[in-house]
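**Student:** Structure: work.cif, mmCIF, C-alpha atoms and all ligand atoms; chains and numbers go by the auth columns.
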data_start
#
loop_
_atom_site.group_PDB
_atom_site.id
_atom_site.type_symbol
_atom_site.label_atom_id
_atom_site.label_comp_id
_atom_site.label_asym_id
_atom_site.label_seq_id
_atom_site.Cartn_x
_atom_site.Cartn_y
_atom_site.Cartn_z
_atom_site.B_iso_or_equiv
_atom_site.auth_seq_id
_atom_site.auth_asym_id
ATOM 1 C CA MET A 1 49.954 116.452 146.118 0.00 1 A
ATOM 2 C CA ARG A 2 51.946 114.402 143.594 0.00 2 A
ATOM 3 C CA ILE A 3 51.831 110.648 144.129 0.00 3 A
ATOM 4 C CA ASP A 4 55.645 110.338 144.100 0.00 4 A
ATOM 5 C CA LYS A 5 55.952 112.992 146.817 0.00 5 A
ATOM 6 C CA LEU A 6 53.294 111.333 148.958 0.00 6 A
ATOM 7 C CA LEU A 7 54.937 107.901 148.717 0.00 7 A
ATOM 8 C CA ALA A 8 58.430 109.299 149.295 0.00 8 A
ATOM 9 C CA ASN A 9 57.131 111.170 152.369 0.00 9 A
ATOM 10 C CA MET A 10 55.587 107.985 153.685 0.00 10 A
ATOM 11 C CA GLY A 11 58.886 106.131 153.476 0.00 11 A
ATOM 12 C CA TYR A 12 58.489 104.184 150.235 0.00 12 A
ATOM 13 C CA GLY A 13 61.951 105.280 149.131 0.00 13 A
ATOM 14 C CA SER A 14 63.455 108.130 147.156 0.00 14 A
ATOM 15 C CA ARG A 15 61.535 109.736 144.304 0.00 15 A
ATOM 16 C CA LYS A 16 63.563 107.478 141.957 0.00 16 A
ATOM 17 C CA GLU A 17 62.652 104.312 143.887 0.00 17 A
ATOM 18 C CA VAL A 18 59.027 105.392 143.946 0.00 18 A
ATOM 19 C CA LYS A 19 59.182 105.902 140.174 0.00 19 A
ATOM 20 C CA ASN A 20 60.252 102.271 139.833 0.00 20 A
ATOM 21 C CA LEU A 21 57.354 101.111 142.003 0.00 21 A
ATOM 22 C CA LEU A 22 54.998 103.041 139.752 0.00 22 A
ATOM 23 C CA LYS A 23 56.605 101.555 136.634 0.00 23 A
ATOM 24 C CA LYS A 24 56.045 98.065 138.047 0.00 24 A
ATOM 25 C CA SER A 25 52.289 98.766 138.405 0.00 25 A
ATOM 26 C CA ALA A 26 52.571 98.394 142.173 0.00 26 A
ATOM 27 C CA VAL A 27 50.611 101.561 142.943 0.00 27 A
ATOM 28 C CA THR A 28 46.883 102.166 142.687 0.00 28 A
ATOM 29 C CA ILE A 29 44.752 105.208 143.385 0.00 29 A
ATOM 30 C CA ASN A 30 41.113 104.268 144.008 0.00 30 A
ATOM 31 C CA GLU A 31 41.850 100.770 142.615 0.00 31 A
ATOM 32 C CA LYS A 32 43.229 102.167 139.336 0.00 32 A
ATOM 33 C CA VAL A 33 46.850 101.384 138.484 0.00 33 A
ATOM 34 C CA ILE A 34 48.868 104.588 138.247 0.00 34 A
ATOM 35 C CA LYS A 35 52.190 104.792 136.427 0.00 35 A
ATOM 36 C CA GLN A 36 52.821 108.518 136.166 0.00 36 A
ATOM 37 C CA SER A 37 54.909 110.077 138.970 0.00 37 A
ATOM 38 C CA GLN A 38 53.228 113.435 138.559 0.00 38 A
ATOM 39 C CA THR A 39 49.677 112.095 139.049 0.00 39 A
ATOM 40 C CA HIS A 40 47.846 114.226 141.567 0.00 40 A
ATOM 41 C CA VAL A 41 46.360 112.601 144.644 0.00 41 A
ATOM 42 C CA ASP A 42 44.228 114.001 147.460 0.00 42 A
ATOM 43 C CA PRO A 43 45.569 112.242 150.572 0.00 43 A
ATOM 44 C CA ASN A 44 42.344 112.927 152.481 0.00 44 A
ATOM 45 C CA GLU A 45 39.986 111.571 149.821 0.00 45 A
ATOM 46 C CA ASP A 46 41.765 109.042 147.614 0.00 46 A
ATOM 47 C CA VAL A 47 42.643 105.472 148.577 0.00 47 A
ATOM 48 C CA VAL A 48 46.275 104.837 147.688 0.00 48 A
ATOM 49 C CA LYS A 49 47.639 101.285 147.737 0.00 49 A
ATOM 50 C CA VAL A 50 51.134 99.912 147.245 0.00 50 A
ATOM 51 C CA LEU A 51 51.189 96.199 146.435 0.00 51 A
ATOM 52 C CA ASP A 52 47.570 96.030 147.627 0.00 52 A
ATOM 53 C CA GLU A 53 48.332 97.596 150.998 0.00 53 A
ATOM 54 C CA VAL A 54 46.567 100.818 151.902 0.00 54 A
ATOM 55 C CA VAL A 55 48.926 103.753 152.487 0.00 55 A
ATOM 56 C CA GLU A 56 47.807 105.660 155.584 0.00 56 A
ATOM 57 C CA TYR A 57 48.918 109.171 154.812 0.00 57 A
ATOM 58 C CA ARG A 58 49.764 111.554 157.605 0.00 58 A
ATOM 59 C CA GLU A 59 51.553 114.810 157.473 0.00 59 A
ATOM 60 C CA TYR A 60 52.469 115.379 161.094 0.00 60 A
ATOM 61 C CA ILE A 61 54.019 113.376 163.868 0.00 61 A
ATOM 62 C CA TYR A 62 53.925 114.263 167.565 0.00 62 A
ATOM 63 C CA LEU A 63 56.259 112.471 169.952 0.00 63 A
ATOM 64 C CA ILE A 64 56.962 112.734 173.667 0.00 64 A
ATOM 65 C CA MET A 65 60.421 111.614 174.797 0.00 65 A
ATOM 66 C CA ASN A 66 62.146 111.176 178.122 0.00 66 A
ATOM 67 C CA LYS A 67 65.388 112.781 176.993 0.00 67 A
ATOM 68 C CA PRO A 68 68.483 111.100 178.369 0.00 68 A
ATOM 69 C CA PRO A 69 71.618 113.026 179.348 0.00 69 A
ATOM 70 C CA GLY A 70 74.399 113.031 176.762 0.00 70 A
ATOM 71 C CA TYR A 71 72.210 113.952 173.781 0.00 71 A
ATOM 72 C CA ILE A 72 71.745 117.407 172.341 0.00 72 A
ATOM 73 C CA SER A 73 68.366 118.863 171.352 0.00 73 A
ATOM 74 C CA ALA A 74 69.121 119.317 167.668 0.00 74 A
ATOM 75 C CA THR A 75 68.378 117.435 164.467 0.00 75 A
ATOM 76 C CA GLU A 76 71.983 116.824 163.431 0.00 76 A
ATOM 77 C CA ASP A 77 75.468 117.521 164.640 0.00 77 A
ATOM 78 C CA HIS A 78 78.956 116.574 163.477 0.00 78 A
ATOM 79 C CA ARG A 79 80.286 115.645 166.915 0.00 79 A
ATOM 80 C CA GLU A 80 77.403 115.048 169.292 0.00 80 A
ATOM 81 C CA GLN A 81 74.570 112.549 169.357 0.00 81 A
ATOM 82 C CA THR A 82 71.182 114.191 168.955 0.00 82 A
ATOM 83 C CA VAL A 83 67.738 113.256 170.243 0.00 83 A
ATOM 84 C CA ILE A 84 66.771 112.454 166.638 0.00 84 A
ATOM 85 C CA ASP A 85 69.392 109.668 166.689 0.00 85 A
ATOM 86 C CA LEU A 86 67.169 107.948 169.266 0.00 86 A
ATOM 87 C CA LEU A 87 64.185 107.725 166.901 0.00 87 A
ATOM 88 C CA GLU A 88 63.154 104.741 164.774 0.00 88 A
ATOM 89 C CA SER A 89 63.680 105.289 161.044 0.00 89 A
ATOM 90 C CA GLU A 90 59.901 105.091 160.483 0.00 90 A
ATOM 91 C CA ASP A 91 59.612 108.267 162.604 0.00 91 A
ATOM 92 C CA VAL A 92 62.725 109.991 161.227 0.00 92 A
ATOM 93 C CA ILE A 93 61.189 110.043 157.727 0.00 93 A
ATOM 94 C CA PHE A 94 58.773 112.720 158.966 0.00 94 A
ATOM 95 C CA GLU A 95 61.786 114.969 159.592 0.00 95 A
ATOM 96 C CA PRO A 96 60.794 115.918 163.130 0.00 96 A
ATOM 97 C CA PHE A 97 62.697 118.321 165.374 0.00 97 A
ATOM 98 C CA PRO A 98 62.717 118.988 169.113 0.00 98 A
ATOM 99 C CA VAL A 99 60.420 121.726 170.412 0.00 99 A
ATOM 100 C CA GLY A 100 62.813 123.999 172.246 0.00 100 A
ATOM 101 C CA ARG A 101 66.067 123.000 173.808 0.00 101 A
ATOM 102 C CA LEU A 102 67.102 121.000 176.826 0.00 102 A
ATOM 103 C CA ASP A 103 70.806 121.156 177.680 0.00 103 A
ATOM 104 C CA LYS A 104 72.951 118.142 176.871 0.00 104 A
ATOM 105 C CA ASP A 105 72.998 117.124 180.551 0.00 105 A
ATOM 106 C CA THR A 106 69.282 117.834 181.164 0.00 106 A
ATOM 107 C CA GLU A 107 66.781 114.982 181.197 0.00 107 A
ATOM 108 C CA GLY A 108 63.057 114.713 180.829 0.00 108 A
ATOM 109 C CA LEU A 109 60.075 115.795 178.815 0.00 109 A
ATOM 110 C CA LEU A 110 60.802 116.732 175.231 0.00 110 A
ATOM 111 C CA ILE A 111 58.198 117.140 172.508 0.00 111 A
ATOM 112 C CA ILE A 112 59.449 116.184 169.064 0.00 112 A
ATOM 113 C CA THR A 113 57.326 117.044 166.031 0.00 113 A
ATOM 114 C CA ASN A 114 57.416 118.260 162.437 0.00 114 A
ATOM 115 C CA ASP A 115 54.516 120.643 163.093 0.00 115 A
ATOM 116 C CA GLY A 116 56.318 123.972 162.935 0.00 116 A
ATOM 117 C CA LYS A 117 53.238 125.983 163.806 0.00 117 A
ATOM 118 C CA LEU A 118 52.565 124.099 167.033 0.00 118 A
ATOM 119 C CA ALA A 119 56.246 124.236 167.991 0.00 119 A
ATOM 120 C CA HIS A 120 56.363 127.967 167.409 0.00 120 A
ATOM 121 C CA GLN A 121 53.238 128.562 169.502 0.00 121 A
ATOM 122 C CA LEU A 122 54.436 126.376 172.367 0.00 122 A
ATOM 123 C CA LEU A 123 57.659 128.356 172.533 0.00 123 A
ATOM 124 C CA SER A 124 56.085 131.786 172.129 0.00 124 A
ATOM 125 C CA PRO A 125 56.629 133.849 175.301 0.00 125 A
ATOM 126 C CA ARG A 126 53.196 135.370 174.695 0.00 126 A
ATOM 127 C CA LYS A 127 51.542 131.991 175.297 0.00 127 A
ATOM 128 C CA ASP A 128 53.004 131.792 178.806 0.00 128 A
ATOM 129 C CA VAL A 129 53.303 127.997 178.748 0.00 129 A
ATOM 130 C CA GLY A 130 54.781 126.941 182.089 0.00 130 A
ATOM 131 C CA LYS A 131 57.703 124.545 182.070 0.00 131 A
ATOM 132 C CA THR A 132 58.209 122.687 185.323 0.00 132 A
ATOM 133 C CA TYR A 133 61.592 121.260 186.288 0.00 133 A
ATOM 134 C CA TYR A 134 62.761 119.060 189.124 0.00 134 A
ATOM 135 C CA ALA A 135 66.306 119.933 190.174 0.00 135 A
ATOM 136 C CA LYS A 136 68.977 119.125 192.702 0.00 136 A
ATOM 137 C CA ILE A 137 70.829 122.192 193.906 0.00 137 A
ATOM 138 C CA ASP A 138 74.235 122.345 195.528 0.00 138 A
ATOM 139 C CA GLY A 139 73.386 124.470 198.574 0.00 139 A
ATOM 140 C CA THR A 140 70.438 125.147 200.822 0.00 140 A
ATOM 141 C CA VAL A 141 67.533 126.701 198.948 0.00 141 A
ATOM 142 C CA THR A 142 65.739 129.179 201.187 0.00 142 A
ATOM 143 C CA GLU A 143 62.436 131.047 201.537 0.00 143 A
ATOM 144 C CA GLU A 144 64.368 134.124 200.444 0.00 144 A
ATOM 145 C CA ASP A 145 65.181 132.382 197.145 0.00 145 A
ATOM 146 C CA ILE A 146 61.461 131.641 196.708 0.00 146 A
ATOM 147 C CA THR A 147 60.681 135.347 197.147 0.00 147 A
ATOM 148 C CA LYS A 148 63.425 136.359 194.717 0.00 148 A
ATOM 149 C CA PHE A 149 62.182 133.890 192.093 0.00 149 A
ATOM 150 C CA THR A 150 58.603 135.175 192.562 0.00 150 A
ATOM 151 C CA GLU A 151 59.801 138.691 191.840 0.00 151 A
ATOM 152 C CA GLY A 152 62.035 137.619 188.959 0.00 152 A
ATOM 153 C CA VAL A 153 65.819 137.507 189.174 0.00 153 A
ATOM 154 C CA THR A 154 68.538 139.226 187.157 0.00 154 A
ATOM 155 C CA LEU A 155 70.651 136.889 185.019 0.00 155 A
ATOM 156 C CA ASP A 156 74.382 137.326 184.314 0.00 156 A
ATOM 157 C CA ASP A 157 73.647 139.280 181.124 0.00 157 A
ATOM 158 C CA GLY A 158 71.348 141.712 182.946 0.00 158 A
ATOM 159 C CA TYR A 159 68.111 140.084 181.767 0.00 159 A
ATOM 160 C CA GLN A 160 65.310 140.322 184.319 0.00 160 A
ATOM 161 C CA THR A 161 63.332 137.060 184.323 0.00 161 A
ATOM 162 C CA LYS A 162 59.586 136.827 184.582 0.00 162 A
ATOM 163 C CA PRO A 163 58.219 135.583 187.909 0.00 163 A
ATOM 164 C CA ALA A 164 58.923 131.907 188.550 0.00 164 A
ATOM 165 C CA VAL A 165 57.303 129.558 191.052 0.00 165 A
ATOM 166 C CA LEU A 166 59.874 127.818 193.229 0.00 166 A
ATOM 167 C CA LYS A 167 58.966 125.015 195.633 0.00 167 A
ATOM 168 C CA ILE A 168 61.389 123.425 198.069 0.00 168 A
ATOM 169 C CA LEU A 169 60.897 119.658 198.189 0.00 169 A
ATOM 170 C CA ASP A 170 63.854 118.981 200.457 0.00 170 A
ATOM 171 C CA SER A 171 66.326 121.504 201.787 0.00 171 A
ATOM 172 C CA GLY A 172 69.757 120.369 202.846 0.00 172 A
ATOM 173 C CA GLU A 173 73.308 120.579 201.597 0.00 173 A
ATOM 174 C CA ILE A 174 71.910 119.291 198.337 0.00 174 A
ATOM 175 C CA SER A 175 68.385 120.694 198.047 0.00 175 A
ATOM 176 C CA GLU A 176 65.621 119.226 195.918 0.00 176 A
ATOM 177 C CA ILE A 177 63.302 121.713 194.305 0.00 177 A
ATOM 178 C CA GLU A 178 60.626 122.173 191.675 0.00 178 A
ATOM 179 C CA VAL A 179 60.558 125.335 189.619 0.00 179 A
ATOM 180 C CA THR A 180 58.104 126.542 186.991 0.00 180 A
ATOM 181 C CA ILE A 181 59.203 129.132 184.447 0.00 181 A
ATOM 182 C CA THR A 182 57.325 130.527 181.451 0.00 182 A
ATOM 183 C CA GLU A 183 60.355 131.518 179.402 0.00 183 A
ATOM 184 C CA GLY A 184 63.103 129.566 177.701 0.00 184 A
ATOM 185 C CA LYS A 185 66.280 131.606 177.864 0.00 185 A
ATOM 186 C CA TYR A 186 69.569 129.787 177.331 0.00 186 A
ATOM 187 C CA HIS A 187 70.428 127.733 180.483 0.00 187 A
ATOM 188 C CA GLN A 188 67.642 129.610 182.219 0.00 188 A
ATOM 189 C CA VAL A 189 67.128 127.485 185.323 0.00 189 A
ATOM 190 C CA LYS A 190 70.863 127.078 185.883 0.00 190 A
ATOM 191 C CA ARG A 191 71.432 130.813 185.496 0.00 191 A
ATOM 192 C CA MET A 192 68.518 131.679 187.787 0.00 192 A
ATOM 193 C CA PHE A 193 70.111 129.629 190.553 0.00 193 A
ATOM 194 C CA GLU A 194 73.517 131.134 189.807 0.00 194 A
ATOM 195 C CA SER A 195 71.932 134.548 190.377 0.00 195 A
ATOM 196 C CA VAL A 196 71.165 133.484 193.968 0.00 196 A
ATOM 197 C CA GLY A 197 74.630 131.965 194.402 0.00 197 A
ATOM 198 C CA LYS A 198 73.744 128.291 193.903 0.00 198 A
ATOM 199 C CA GLN A 199 74.487 125.604 191.370 0.00 199 A
ATOM 200 C CA VAL A 200 72.129 123.179 189.650 0.00 200 A
ATOM 201 C CA VAL A 201 73.678 119.708 189.775 0.00 201 A
ATOM 202 C CA TYR A 202 70.782 117.766 188.229 0.00 202 A
ATOM 203 C CA LEU A 203 67.923 118.974 186.048 0.00 203 A
ATOM 204 C CA LYS A 204 64.900 117.194 184.661 0.00 204 A
ATOM 205 C CA ARG A 205 61.881 118.685 182.893 0.00 205 A
ATOM 206 C CA MET A 206 58.700 117.210 184.316 0.00 206 A
ATOM 207 C CA LYS A 207 55.923 119.202 182.651 0.00 207 A
ATOM 208 C CA MET A 208 54.936 121.577 179.874 0.00 208 A
ATOM 209 C CA GLY A 209 51.737 123.275 180.988 0.00 209 A
ATOM 210 C CA ASP A 210 49.780 120.342 182.451 0.00 210 A
ATOM 211 C CA LEU A 211 51.345 117.808 180.105 0.00 211 A
ATOM 212 C CA SER A 212 53.459 115.560 182.307 0.00 212 A
ATOM 213 C CA LEU A 213 56.357 113.330 181.472 0.00 213 A
ATOM 214 C CA ASP A 214 55.056 109.757 181.216 0.00 214 A
ATOM 215 C CA SER A 215 56.722 107.972 184.141 0.00 215 A
ATOM 216 C CA SER A 216 56.658 104.681 182.228 0.00 216 A
ATOM 217 C CA LEU A 217 59.079 106.111 179.643 0.00 217 A
ATOM 218 C CA GLN A 218 62.642 105.163 180.516 0.00 218 A
ATOM 219 C CA LEU A 219 65.444 107.557 179.607 0.00 219 A
ATOM 220 C CA GLY A 220 65.752 107.615 175.823 0.00 220 A
ATOM 221 C CA GLU A 221 62.292 106.127 175.262 0.00 221 A
ATOM 222 C CA TYR A 222 59.499 107.912 173.473 0.00 222 A
ATOM 223 C CA ARG A 223 55.987 107.382 172.173 0.00 223 A
ATOM 224 C CA GLU A 224 53.381 109.252 170.166 0.00 224 A
ATOM 225 C CA LEU A 225 51.240 111.770 171.996 0.00 225 A
ATOM 226 C CA THR A 226 47.747 110.483 172.793 0.00 226 A
ATOM 227 C CA ASP A 227 44.817 112.357 171.217 0.00 227 A
ATOM 228 C CA GLU A 228 44.075 113.824 174.634 0.00 228 A
ATOM 229 C CA GLU A 229 47.638 115.114 175.038 0.00 229 A
ATOM 230 C CA TYR A 230 47.666 116.515 171.508 0.00 230 A
ATOM 231 C CA ASN A 231 44.324 118.264 172.065 0.00 231 A
ATOM 232 C CA TYR A 232 45.633 119.696 175.317 0.00 232 A
ATOM 233 C CA LEU A 233 48.662 121.208 173.571 0.00 233 A
ATOM 234 C CA ILE A 234 46.451 122.685 170.872 0.00 234 A
ATOM 235 C CA SER A 235 44.160 124.152 173.545 0.00 235 A
ATOM 236 C CA ILE A 236 46.971 125.923 175.384 0.00 236 A
ATOM 237 C CA THR A 237 48.367 127.372 172.191 0.00 237 A
ATOM 238 C CA ASN A 238 44.968 128.702 171.106 0.00 238 A
ATOM 239 C CA LYS A 239 44.527 130.737 174.278 0.00 239 A
HETATM 240 N N1 LIG B . 67.103 125.512 182.027 0.00 1 B
HETATM 241 C C1 LIG B . 68.384 125.098 181.970 0.00 1 B
HETATM 242 O O1 LIG B . 69.260 125.666 182.591 0.00 1 B
HETATM 243 N N2 LIG B . 68.669 124.030 181.215 0.00 1 B
HETATM 244 C C2 LIG B . 67.727 123.333 180.526 0.00 1 B
HETATM 245 O O2 LIG B . 68.059 122.349 179.863 0.00 1 B
HETATM 246 C C3 LIG B . 66.400 123.774 180.588 0.00 1 B
HETATM 247 C C4 LIG B . 66.110 124.875 181.343 0.00 1 B
#
Kindly transcribe the structure held in the file into structure tokens.

**Tutor:**
Amino acid sequence: MRIDKLLANMGYGSRKEVKNLLKKSAVTINEKVIKQSQTHVDPNEDVVKVLDEVVEYREYIYLIMNKPPGYISATEDHREQTVIDLLESEDVIFEPFPVGRLDKDTEGLLIITNDGKLAHQLLSPRKDVGKTYYAKIDGTVTEEDITKFTEGVTLDDGYQTKPAVLKILDSGEISEIEVTITEGKYHQVKRMFESVGKQVVYLKRMKMGDLSLDSSLQLGEYRELTDEEYNYLISITNK
């Protein structure tokens, strides 16, 4: 990789600003001052320093966020605020994007990364990664609904969903439920409840596979995945 690309990727400014750093003899590769922007560097082998500080190169970033309502799961939008707007600039430089979509009013677990391969695998219907949601439903959720969800329901566009696991946590005029689905159709949970004549009034994603939302993350907060969490995601995508 070219040294100017590496430093620009790591947030040392635009290619032009990096060129100036190089001109000022601020950059060394293996203790040797480098002035040429096109100098090749192996980020895994060479020690790069800027003003005597080692540059820790990394290509990928993996974040877990507790998505707040009011933000859309996109990287940019003319009118709406996006989940990327909630990130620190030191994370935005990696150009991450949300893995899959939560509706604007949905809260909870959102993985944000720039690792396209992992994102693709996590979303692949063939990988059968379960997504577990907690929801409040206007209406009394019944055993019959559980059976219907187990068999798969028909959405408004005729699509027959895969089996889903529905648990009633509290049934009343406003029921509290947990549902696990393995697909990610547009508004899927809301439309599944519509198919049994009920309306979702609150929705929060709690889990992807066995990766749970960190309860210490307040709405809008995020952190990097731990090694254990990252390894878990890799393991479920390699199945
Ligand atoms: N299902 C929905 O209806 N909305 C979401 O945000 C996620 C799943």

**Student:** Could you list the residues chosen by the PyMOL selection byres (((not hetatm)) within 6 of (chain B and resi 1)) in this structure as a ChimeraX atom specification?

**Tutor:** /A:102-103,106,187-190

**Student:** As a check of understanding, name the residues that the PyMOL selection byres (((chain A and resi 23-40) around 10) and not hetatm) selects in the supplied structure, as a ChimeraX atom specification.

**Tutor:** /A:1-7,15-22,41-43,45-55

**Student:** Step by step: start from the point (63.0, 118.6, 201.5) in the file's coordinates, keep every protein, DNA or RNA residue that has an atom no farther than 12 Å from it, count only C-alpha atoms, and write the set as a PDB file with C-alpha atoms, keeping the file's coordinate frame.

**Tutor:**
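Now in part-v5.pdb:
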ATOM      1  CA  ALA A 135      66.306 119.933 190.174  1.00  0.00           C
ATOM      2  CA  LYS A 136      68.977 119.125 192.702  1.00  0.00           C
ATOM      3  CA  ILE A 137      70.829 122.192 193.906  1.00  0.00           C
ATOM      4  CA  THR A 140      70.438 125.147 200.822  1.00  0.00           C
ATOM      5  CA  VAL A 141      67.533 126.701 198.948  1.00  0.00           C
ATOM      6  CA  THR A 142      65.739 129.179 201.187  1.00  0.00           C
ATOM      7  CA  LYS A 167      58.966 125.015 195.633  1.00  0.00           C
ATOM      8  CA  ILE A 168      61.389 123.425 198.069  1.00  0.00           C
ATOM      9  CA  LEU A 169      60.897 119.658 198.189  1.00  0.00           C
ATOM     10  CA  ASP A 170      63.854 118.981 200.457  1.00  0.00           C
ATOM     11  CA  SER A 171      66.326 121.504 201.787  1.00  0.00           C
ATOM     12  CA  GLY A 172      69.757 120.369 202.846  1.00  0.00           C
ATOM     13  CA  GLU A 173      73.308 120.579 201.597  1.00  0.00           C
ATOM     14  CA  ILE A 174      71.910 119.291 198.337  1.00  0.00           C
ATOM     15  CA  SER A 175      68.385 120.694 198.047  1.00  0.00           C
ATOM     16  CA  GLU A 176      65.621 119.226 195.918  1.00  0.00           C
ATOM     17  CA  ILE A 177      63.302 121.713 194.305  1.00  0.00           C
ATOM     18  CA  GLU A 178      60.626 122.173 191.675  1.00  0.00           C
TER      19      GLU A 178
END

**Student:** Excluding range 208-222 of chain A and residues on its chain fewer than 6 positions from it, collect all residues at most 6 Å away from it, counting only C-alpha atoms, and give them as a short mmCIF file (atom, residue, chain, number, x, y, z; two decimals) with C-alpha atoms, in the frame of the given file.

**Tutor:**
data_model
loop_
_atom_site.label_atom_id
_atom_site.label_comp_id
_atom_site.auth_asym_id
_atom_site.auth_seq_id
_atom_site.Cartn_x
_atom_site.Cartn_y
_atom_site.Cartn_z
CA ILE A 64 56.96 112.73 173.67
CA MET A 65 60.42 111.61 174.80
CA ASN A 66 62.15 111.18 178.12
CA LYS A 67 65.39 112.78 176.99
CA PRO A 68 68.48 111.10 178.37
CA LEU A 109 60.08 115.80 178.82
CA VAL A 129 53.30 128.00 178.75
CA GLY A 130 54.78 126.94 182.09
CA LYS A 131 57.70 124.54 182.07
#

**Student:** Closest to Gly108 in chain A among A:Val83, A:Ile234, A:Val165, A:Ile146, using all atoms listed in the file?

**Tutor:**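 Of all the options, A:Val83 lies closest to Gly108 in chain A.
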
**Student:** Could you tell me which residues the PyMOL selection byres (((chain A and resi 118) around 12) and not hetatm) grabs in this file, written as a PyMOL selection string?

**Tutor:** chain A and resi 60-62+97-100+111-117+119-124+127+230-238

**Student:** Quick one: residues within 8 Å of Thr154 in chain A, all atoms listed in the file, excluding same-chain residues fewer than 4 positions away - as a JSON list (two decimals) with C-alpha atoms, in the coordinates of the input?

**Tutor:**
[["chain", "number", "residue", "atom", "x", "y", "z"],
["A", 158, "GLY", "CA", 71.35, 141.71, 182.95],
["A", 159, "TYR", "CA", 68.11, 140.08, 181.77],
["A", 160, "GLN", "CA", 65.31, 140.32, 184.32],
["A", 161, "THR", "CA", 63.33, 137.06, 184.32],
["A", 192, "MET", "CA", 68.52, 131.68, 187.79],
["A", 195, "SER", "CA", 71.93, 134.55, 190.38]]

**Student:** Could you pull the residues within 12 Å of Asp105 in chain A, counting only C-alpha atoms, minus those fewer than 4 positions along the same chain, as a list of chain:residue names?

**Tutor:**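 My reading of the contact set: A:Lys67, A:Pro68, A:Pro69, A:Gly70, A:Tyr71, A:Ile72, A:Ser73, A:Arg101, A:His187, A:Lys190, A:Val200, A:Val201, A:Tyr202, A:Leu203, A:Lys204, A:Arg205.
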
**Student:** Any idea what the distance is between CA of Thr147 in chain A and CA of Tyr133 in chain A?

**Tutor:**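 For CA of Thr147 in chain A relative to CA of Tyr133 in chain A, the distance reads 17.8 Å.
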
**Student:** Enter the distance from CA of Asp85 in chain A to CA of Ser14 in chain A, in Å, rounded to one decimal.

**Tutor:** 20.5 Å
